[in-house]
Amino acid sequence: MKLDKYIGCSRAAQKLEKADLVLRNAKIVNVFTDRVEEGNVAITNGMIVGIGDYEGKEEIDLYGQYLTSGFIDAHLHLESTMVNPQVLIAKAAQHGTTTFMVDPHEAANVSGTDGIDYLLEQTKDSPAHVYVMMASCVPATAIDDNGFILTAGKMAPYLKNRRVLGLGEVMDCMSVINGDPAMNEKIELFDGKVKDGHAPGLTDEQMAAYVMAGITTDHEGTTYEYVMKERSMGMTCHIREGSAARNLEMIVKGIVENNTNTEGFCFCTDDKHIEDIGREGDIDHNVRKAVSMGISPIAAVKMATIQPARCYGLRRTGAVAPGYDADLVVWDSIKEFNAQMVFYKGHRIDDMLKVRPKPCPPQLLDTVHLGVIDPEKLKIRADGGMFPVIRMIPGQILTEREDLVLPAGPDGLFAPDGELDKIAAFERHKATGKIGAGVVRGFGLKNGAIASSVSHDSHNIIAIGSSDEDILTAVRELERVHGGYTIVENGEVFDTLELPIMGLISDKSYSYVDRKVRRMTAKAHRMGVPKDMEPFVTLSFMALPVIPEIRCTPRGVYSVTEGKIIR
């Protein structure tokens, strides 16, 4: 802290001069004593300087409402919200989130360092703490077809940026475990800094090797038993509740039933649509749901504040105490957790928060390059033999493999029947013409297709449909608008959400994106997609070759467990 700032804070702490702001009559959630304590909070120069009988140049009476530090999203991808980062921060801040731990690997997979720089620039002056964990796996694996290769050498300059705190989720677990030199170079580059994990389905022995590399967190745990295995090895577990991956209920149920110590747990959203944040909340939703299931309110607050702050070495974030940034939230209760007022460094954030997106570099607006599409590559022969089908799991981004005999049409080709649909991935970065086609079960789409250029993590175009013609119509529509979401019904485009910035982010308002996604999601459900499945987010994970068990990539159907193309 600079001396002049410290002197001002010190004088206010000693009551030698009035504080800038005093929040009176607060019920303060103390994350150090695990108690709710009544008091007045004094703030000067954006910092909490004392709790007690202070006078302020400005005073706000909280009338006994609850006060906590601002919530921290321990792991998210800004791009997954589909709106400009400033729009997301403004919306999430209204729900009490004031610190964001961002992994920019979606942007990096499409546009490399230009994409990372875009996110850093857009969030530079935001009324929130926005930190970056440098994307570690661009591409995610050797079989991916993405737009950029991010090496340790290209990462190195970012170490000078104070907002870059460490290495983002290391998805290519086997490269770590097997000692791949390029991966090890990245891990060594971030020696002494936090390294996030991405470790679904590892054996005990593999996890031991993974942790030995210095990886300390994971957000991919889906069961209580798995996260406790991670905790036993010292990992911090981020409990994820996003739009498609909703893991909180299963994990928290185990924590409550076993009276488990919650100190090694944090909350994150990972991938959450902006309309879901508007509808149910951000990290406040995680906290509210955990409390409703039996986690104590103070423990839940700690999982959203001081614990992620300590995980990432944020010395002045995460508590209502002297010396901590005045990032504060006033709540109606510590059961309902409805934010009444939100402060960032002592300044109130309100609904009139100005969002002023900065210009987008032109190269980020031209990233969909399909080239010549050969319809023959979509055809799947149903010859009576077993075919590896992707089975979707509601509420999860995991899949299971089912070997089935496919229904055939008169021409001997696979004929989708409503229970089984066709899935296809189209390479969109370098116009190679690669198309991988497979079969999916559990999506239920009838008489049409949906497609997305948001397709983790390489972000090629992924589509599911009941006919090749509808799939091709959907893909060409996304090529026309330079990326986005689209739905086709009976050969006609029903609606499209344009995402022209890297094929990931809209240049429109929150209300525009919200309206479009709601309309298209409702249509997908009317066309047969299960009501408990978020169609677009679920679709976006069907090409990700680092999450078990089976995926569809532009090179074909890929078995994650076997590590090879199987169709």
# chains A, B, ... in the order shown; residues from 1 in each chain; ligands from 1
$ residues_around --residues "Gly201 in chain A" --least-positions-apart "6" --cutoff "9 Å" --atoms "only C-alpha atoms" --output "ChimeraX atom specification"
/A:220-221,226,547-548
$ residues_around --residues "Glu59 in chain A" --least-positions-apart "4" --cutoff "6 Å" --atoms "only C-alpha atoms" --output "ChimeraX atom specification"
/A:21-23
$ select_by_dssp --residues "range 258-460 of chain A" --states "helix (DSSP H, G or I)" --output "short mmCIF file (atom, residue, chain, number, x, y, z; two decimals) with N, CA, C and O atoms, in the first residue's frame"
data_model
loop_
_atom_site.label_atom_id
_atom_site.label_comp_id
_atom_site.auth_asym_id
_atom_site.auth_seq_id
_atom_site.Cartn_x
_atom_site.Cartn_y
_atom_site.Cartn_z
N ILE A 274 -25.78 -16.08 -19.45
CA ILE A 274 -26.19 -14.83 -18.82
C ILE A 274 -27.66 -14.87 -18.40
O ILE A 274 -28.03 -14.29 -17.37
N GLU A 275 -28.51 -15.54 -19.16
CA GLU A 275 -29.93 -15.56 -18.78
C GLU A 275 -30.15 -16.40 -17.53
O GLU A 275 -31.07 -16.14 -16.75
N ASP A 276 -29.31 -17.42 -17.31
CA ASP A 276 -29.42 -18.20 -16.08
C ASP A 276 -28.96 -17.38 -14.87
O ASP A 276 -29.52 -17.52 -13.77
N ILE A 277 -27.94 -16.55 -15.06
CA ILE A 277 -27.51 -15.66 -13.98
C ILE A 277 -28.63 -14.68 -13.64
O ILE A 277 -28.94 -14.43 -12.48
N GLY A 278 -29.27 -14.12 -14.68
CA GLY A 278 -30.37 -13.21 -14.44
C GLY A 278 -31.56 -13.88 -13.77
O GLY A 278 -32.25 -13.27 -12.94
N ARG A 279 -31.78 -15.15 -14.09
CA ARG A 279 -32.95 -15.86 -13.57
C ARG A 279 -32.75 -16.38 -12.17
O ARG A 279 -33.63 -16.25 -11.31
N GLU A 280 -31.60 -17.00 -11.90
CA GLU A 280 -31.43 -17.67 -10.60
C GLU A 280 -30.29 -17.12 -9.76
O GLU A 280 -30.20 -17.40 -8.57
N ILE A 283 -22.96 -16.68 -7.89
CA ILE A 283 -22.48 -17.44 -6.75
C ILE A 283 -23.48 -17.40 -5.60
O ILE A 283 -23.55 -18.33 -4.79
N ASP A 284 -24.30 -16.37 -5.54
CA ASP A 284 -25.36 -16.33 -4.52
C ASP A 284 -26.30 -17.52 -4.66
O ASP A 284 -26.83 -18.04 -3.66
N HIS A 285 -26.49 -17.99 -5.89
CA HIS A 285 -27.32 -19.18 -6.11
C HIS A 285 -26.67 -20.40 -5.48
O HIS A 285 -27.35 -21.21 -4.82
N ASN A 286 -25.36 -20.56 -5.67
CA ASN A 286 -24.64 -21.68 -5.05
C ASN A 286 -24.79 -21.65 -3.53
O ASN A 286 -25.06 -22.67 -2.89
N VAL A 287 -24.58 -20.46 -2.96
CA VAL A 287 -24.65 -20.31 -1.51
C VAL A 287 -26.06 -20.61 -1.01
O VAL A 287 -26.26 -21.36 -0.04
N ARG A 288 -27.05 -20.02 -1.65
CA ARG A 288 -28.46 -20.21 -1.26
C ARG A 288 -28.83 -21.69 -1.31
O ARG A 288 -29.47 -22.22 -0.38
N LYS A 289 -28.43 -22.36 -2.37
CA LYS A 289 -28.78 -23.78 -2.52
C LYS A 289 -28.06 -24.64 -1.49
O LYS A 289 -28.66 -25.56 -0.91
N ALA A 290 -26.78 -24.34 -1.24
CA ALA A 290 -26.03 -25.11 -0.24
C ALA A 290 -26.65 -24.95 1.14
O ALA A 290 -26.77 -25.93 1.89
N VAL A 291 -27.06 -23.74 1.50
CA VAL A 291 -27.69 -23.50 2.80
C VAL A 291 -29.02 -24.23 2.89
O VAL A 291 -29.35 -24.83 3.93
N SER A 292 -29.77 -24.24 1.80
CA SER A 292 -31.07 -24.93 1.81
C SER A 292 -30.91 -26.43 2.01
O SER A 292 -31.83 -27.11 2.48
N PRO A 297 -25.00 -21.31 7.18
CA PRO A 297 -24.82 -20.08 6.42
C PRO A 297 -23.40 -19.52 6.49
O PRO A 297 -22.87 -19.05 5.48
N ILE A 298 -22.78 -19.56 7.67
CA ILE A 298 -21.43 -19.01 7.79
C ILE A 298 -20.44 -19.86 7.00
O ILE A 298 -19.55 -19.33 6.32
N ALA A 299 -20.58 -21.18 7.04
CA ALA A 299 -19.70 -22.04 6.25
C ALA A 299 -19.87 -21.76 4.76
O ALA A 299 -18.88 -21.72 4.01
N ALA A 300 -21.11 -21.58 4.33
CA ALA A 300 -21.35 -21.30 2.91
C ALA A 300 -20.75 -19.96 2.50
O ALA A 300 -20.17 -19.83 1.41
N VAL A 301 -20.89 -18.94 3.38
CA VAL A 301 -20.27 -17.64 3.09
C VAL A 301 -18.76 -17.79 2.97
O VAL A 301 -18.14 -17.21 2.07
N LYS A 302 -18.14 -18.56 3.84
CA LYS A 302 -16.69 -18.75 3.78
C LYS A 302 -16.27 -19.45 2.48
O LYS A 302 -15.23 -19.14 1.90
N MET A 303 -17.10 -20.37 2.00
CA MET A 303 -16.82 -21.05 0.74
C MET A 303 -16.89 -20.10 -0.45
O MET A 303 -16.32 -20.38 -1.50
N ALA A 304 -17.59 -18.97 -0.26
CA ALA A 304 -17.75 -18.00 -1.34
C ALA A 304 -16.85 -16.78 -1.16
O ALA A 304 -16.86 -15.89 -2.02
N ILE A 306 -13.64 -16.05 1.89
CA ILE A 306 -12.27 -16.16 2.39
C ILE A 306 -11.55 -17.39 1.86
O ILE A 306 -10.33 -17.35 1.63
N GLN A 307 -12.27 -18.49 1.63
CA GLN A 307 -11.59 -19.70 1.17
C GLN A 307 -11.06 -19.58 -0.25
O GLN A 307 -9.89 -19.88 -0.51
N PRO A 308 -11.85 -19.10 -1.22
CA PRO A 308 -11.25 -18.88 -2.54
C PRO A 308 -10.19 -17.78 -2.52
O PRO A 308 -9.21 -17.84 -3.27
N ALA A 309 -10.35 -16.76 -1.65
CA ALA A 309 -9.35 -15.70 -1.56
C ALA A 309 -8.01 -16.28 -1.12
O ALA A 309 -6.95 -15.97 -1.69
N ARG A 310 -8.03 -17.14 -0.13
CA ARG A 310 -6.79 -17.77 0.33
C ARG A 310 -6.23 -18.73 -0.71
O ARG A 310 -5.02 -18.84 -0.88
N CYS A 311 -7.12 -19.43 -1.39
CA CYS A 311 -6.68 -20.36 -2.43
C CYS A 311 -5.83 -19.65 -3.47
O CYS A 311 -4.81 -20.18 -3.93
N PRO A 362 -10.82 -6.08 -35.39
CA PRO A 362 -11.54 -6.67 -36.54
C PRO A 362 -11.25 -8.14 -36.77
O PRO A 362 -12.12 -8.88 -37.24
N GLN A 363 -10.03 -8.58 -36.42
CA GLN A 363 -9.71 -9.99 -36.67
C GLN A 363 -10.53 -10.94 -35.80
O GLN A 363 -10.67 -12.13 -36.12
N LEU A 364 -11.09 -10.43 -34.71
CA LEU A 364 -11.92 -11.28 -33.85
C LEU A 364 -13.34 -11.41 -34.37
O LEU A 364 -14.13 -12.19 -33.83
N LEU A 365 -13.68 -10.67 -35.43
CA LEU A 365 -15.02 -10.71 -35.99
C LEU A 365 -15.11 -11.58 -37.25
O LEU A 365 -16.16 -11.62 -37.88
N PRO A 375 -21.14 -33.24 -48.16
CA PRO A 375 -22.26 -33.91 -47.48
C PRO A 375 -22.05 -35.41 -47.27
O PRO A 375 -22.63 -35.99 -46.35
N GLU A 376 -21.20 -36.02 -48.10
CA GLU A 376 -20.95 -37.45 -47.97
C GLU A 376 -20.33 -37.80 -46.63
O GLU A 376 -20.51 -38.91 -46.10
N LYS A 377 -19.58 -36.84 -46.05
CA LYS A 377 -18.91 -37.10 -44.77
C LYS A 377 -19.90 -37.19 -43.61
O LYS A 377 -19.53 -37.64 -42.53
N LEU A 378 -21.14 -36.76 -43.84
CA LEU A 378 -22.15 -36.84 -42.80
C LEU A 378 -22.84 -38.21 -42.75
O LEU A 378 -23.45 -38.56 -41.74
#
$ closest_residue --among "A:Asn447, A:Thr44, A:Val342, A:Ser126" --to "Ile7 in chain A" --atoms "only C-alpha atoms"
A:Thr44
$ closest_atom_pairs --of "range 77-136 of chain A" --to "range 141-155 of chain A" --cutoff "6 Å" --atoms "only C-alpha atoms" --output "CSV"
residue,atom,partner,partner_atom,distance
A:Asn109,CA,A:Gly147,CA,5.6
A:Val110,CA,A:Gly147,CA,4.7
A:Gly112,CA,A:Phe148,CA,5.2
$ select_by_dssp --residues "range 341-494 of chain A" --states "strand (DSSP E or B)" --output "PyMOL selection string"
chain A and resi 341-344+347-349+381+386-392+399-405+408+413-414+420-426+435-441+448-452+461-465+484-489+492-494
$ atom_distance --atom1 "CA of Leu67 in chain A" --atom2 "CA of Gly50 in chain A"
14.3 Å
$ closest_residue --among "A:His429, A:Arg476, A:Gly318, A:Gly395" --to "Leu248 in chain A" --atoms "only C-alpha atoms"
A:Gly395
$ atom_distance --atom1 "CA of Thr486 in chain A" --atom2 "CA of Pro139 in chain A"
25.4 Å
$ atom_distance --atom1 "CA of Val537 in chain A" --atom2 "CA of Ala245 in chain A"
8.9 Å
$ residues_around --residues "Val164 in chain A" --least-positions-apart "2" --cutoff "9 Å" --atoms "only C-alpha atoms" --output "count of residues only"
11
$ closest_residue --among "A:Phe71, A:Ile435, A:Pro361, A:Asn45" --to "Val557 in chain A" --atoms "only C-alpha atoms"
A:Ile435
$ residues_around --residues "Asn259 in chain A" --least-positions-apart "5" --cutoff "10 Å" --atoms "only C-alpha atoms" --output "JSON list (two decimals) with N, CA and C atoms, in the first residue's frame"
[["chain", "number", "residue", "atom", "x", "y", "z"],
["A", 253, "LYS", "N", -24.79, -32.84, -0.65],
["A", 253, "LYS", "CA", -25.53, -33.90, 0.06],
["A", 253, "LYS", "C", -24.56, -34.78, 0.84],
["A", 254, "GLY", "N", -23.45, -35.13, 0.24],
["A", 254, "GLY", "CA", -22.44, -35.96, 0.92],
["A", 254, "GLY", "C", -21.77, -35.20, 2.05],
["A", 294, "GLY", "N", -28.51, -27.74, 3.95],
["A", 294, "GLY", "CA", -28.00, -28.07, 5.29],
["A", 294, "GLY", "C", -26.63, -27.56, 5.63],
["A", 295, "ILE", "N", -25.92, -26.93, 4.69],
["A", 295, "ILE", "CA", -24.65, -26.28, 5.02],
["A", 295, "ILE", "C", -24.97, -25.06, 5.88]]
$ residues_around --residues "Pro535 in chain A" --least-positions-apart "2" --cutoff "12 Å" --atoms "only C-alpha atoms" --output "number ranges by chain"
A: 243-244, 273, 392, 394-397, 442-445, 449-452, 463-464, 485-487, 517-518, 520-533, 537-542
$ residues_around --residues "Asp125 in chain A" --least-positions-apart "6" --cutoff "12 Å" --atoms "only C-alpha atoms" --output "ChimeraX atom specification"
/A:85-86,89,119,163,354-358
$ decode --residues "range 414-441 of chain A" --atoms "N, CA and C atoms" --output "short mmCIF file (atom, residue, chain, number, x, y, z; two decimals), in the first residue's frame"
data_model
loop_
_atom_site.label_atom_id
_atom_site.label_comp_id
_atom_site.auth_asym_id
_atom_site.auth_seq_id
_atom_site.Cartn_x
_atom_site.Cartn_y
_atom_site.Cartn_z
N PHE A 414 -27.99 -44.71 -41.59
CA PHE A 414 -28.60 -44.44 -40.30
C PHE A 414 -29.74 -43.45 -40.46
N ALA A 415 -30.88 -43.80 -39.86
CA ALA A 415 -32.08 -42.96 -39.93
C ALA A 415 -32.47 -42.54 -38.52
N PRO A 416 -32.19 -41.29 -38.12
CA PRO A 416 -32.58 -40.82 -36.78
C PRO A 416 -34.06 -41.08 -36.53
N ASP A 417 -34.35 -41.51 -35.29
CA ASP A 417 -35.72 -41.88 -34.98
C ASP A 417 -36.31 -41.13 -33.79
N GLY A 418 -35.69 -40.05 -33.37
CA GLY A 418 -36.19 -39.31 -32.22
C GLY A 418 -35.51 -39.72 -30.94
N GLU A 419 -35.26 -41.02 -30.80
CA GLU A 419 -34.48 -41.49 -29.65
C GLU A 419 -32.99 -41.34 -29.94
N LEU A 420 -32.62 -41.64 -31.17
CA LEU A 420 -31.25 -41.48 -31.63
C LEU A 420 -31.19 -40.36 -32.67
N ASP A 421 -30.29 -39.41 -32.47
CA ASP A 421 -30.09 -38.31 -33.42
C ASP A 421 -28.68 -38.38 -33.98
N LYS A 422 -28.47 -37.67 -35.07
CA LYS A 422 -27.12 -37.55 -35.62
C LYS A 422 -26.43 -36.36 -34.97
N ILE A 423 -25.14 -36.51 -34.71
CA ILE A 423 -24.31 -35.42 -34.21
C ILE A 423 -23.13 -35.26 -35.16
N ALA A 424 -22.73 -34.02 -35.39
CA ALA A 424 -21.62 -33.79 -36.31
C ALA A 424 -20.81 -32.58 -35.86
N ALA A 425 -19.49 -32.67 -36.06
CA ALA A 425 -18.59 -31.57 -35.72
C ALA A 425 -17.86 -31.14 -36.98
N PHE A 426 -17.83 -29.81 -37.24
CA PHE A 426 -17.26 -29.24 -38.45
C PHE A 426 -16.09 -28.33 -38.07
N GLU A 427 -14.91 -28.59 -38.61
CA GLU A 427 -13.75 -27.73 -38.34
C GLU A 427 -14.02 -26.36 -38.94
N ARG A 428 -13.81 -25.27 -38.13
CA ARG A 428 -14.20 -23.95 -38.61
C ARG A 428 -13.09 -22.90 -38.55
N HIS A 429 -11.88 -23.29 -38.23
CA HIS A 429 -10.81 -22.30 -38.08
C HIS A 429 -9.97 -22.14 -39.35
N LYS A 430 -9.69 -23.25 -40.03
CA LYS A 430 -8.72 -23.22 -41.13
C LYS A 430 -9.27 -23.79 -42.43
N ALA A 431 -10.61 -23.92 -42.50
CA ALA A 431 -11.28 -24.37 -43.73
C ALA A 431 -10.72 -25.68 -44.25
N THR A 432 -10.45 -26.64 -43.34
CA THR A 432 -9.89 -27.92 -43.75
C THR A 432 -10.93 -28.87 -44.32
N GLY A 433 -12.22 -28.58 -44.05
CA GLY A 433 -13.28 -29.47 -44.52
C GLY A 433 -13.47 -30.71 -43.67
N LYS A 434 -12.80 -30.80 -42.54
CA LYS A 434 -12.96 -31.97 -41.67
C LYS A 434 -14.36 -31.99 -41.07
N ILE A 435 -14.98 -33.18 -41.13
CA ILE A 435 -16.30 -33.37 -40.53
C ILE A 435 -16.31 -34.73 -39.85
N GLY A 436 -16.66 -34.75 -38.58
CA GLY A 436 -16.84 -36.01 -37.88
C GLY A 436 -18.30 -36.21 -37.58
N ALA A 437 -18.82 -37.40 -37.87
CA ALA A 437 -20.25 -37.67 -37.66
C ALA A 437 -20.42 -38.85 -36.72
N GLY A 438 -21.42 -38.74 -35.83
CA GLY A 438 -21.71 -39.82 -34.90
C GLY A 438 -23.19 -39.86 -34.57
N VAL A 439 -23.51 -40.59 -33.52
CA VAL A 439 -24.90 -40.77 -33.10
C VAL A 439 -24.99 -40.45 -31.61
N VAL A 440 -26.06 -39.75 -31.24
CA VAL A 440 -26.25 -39.35 -29.85
C VAL A 440 -27.61 -39.83 -29.37
N ARG A 441 -27.66 -40.21 -28.10
CA ARG A 441 -28.91 -40.65 -27.49
C ARG A 441 -29.20 -39.78 -26.27
#
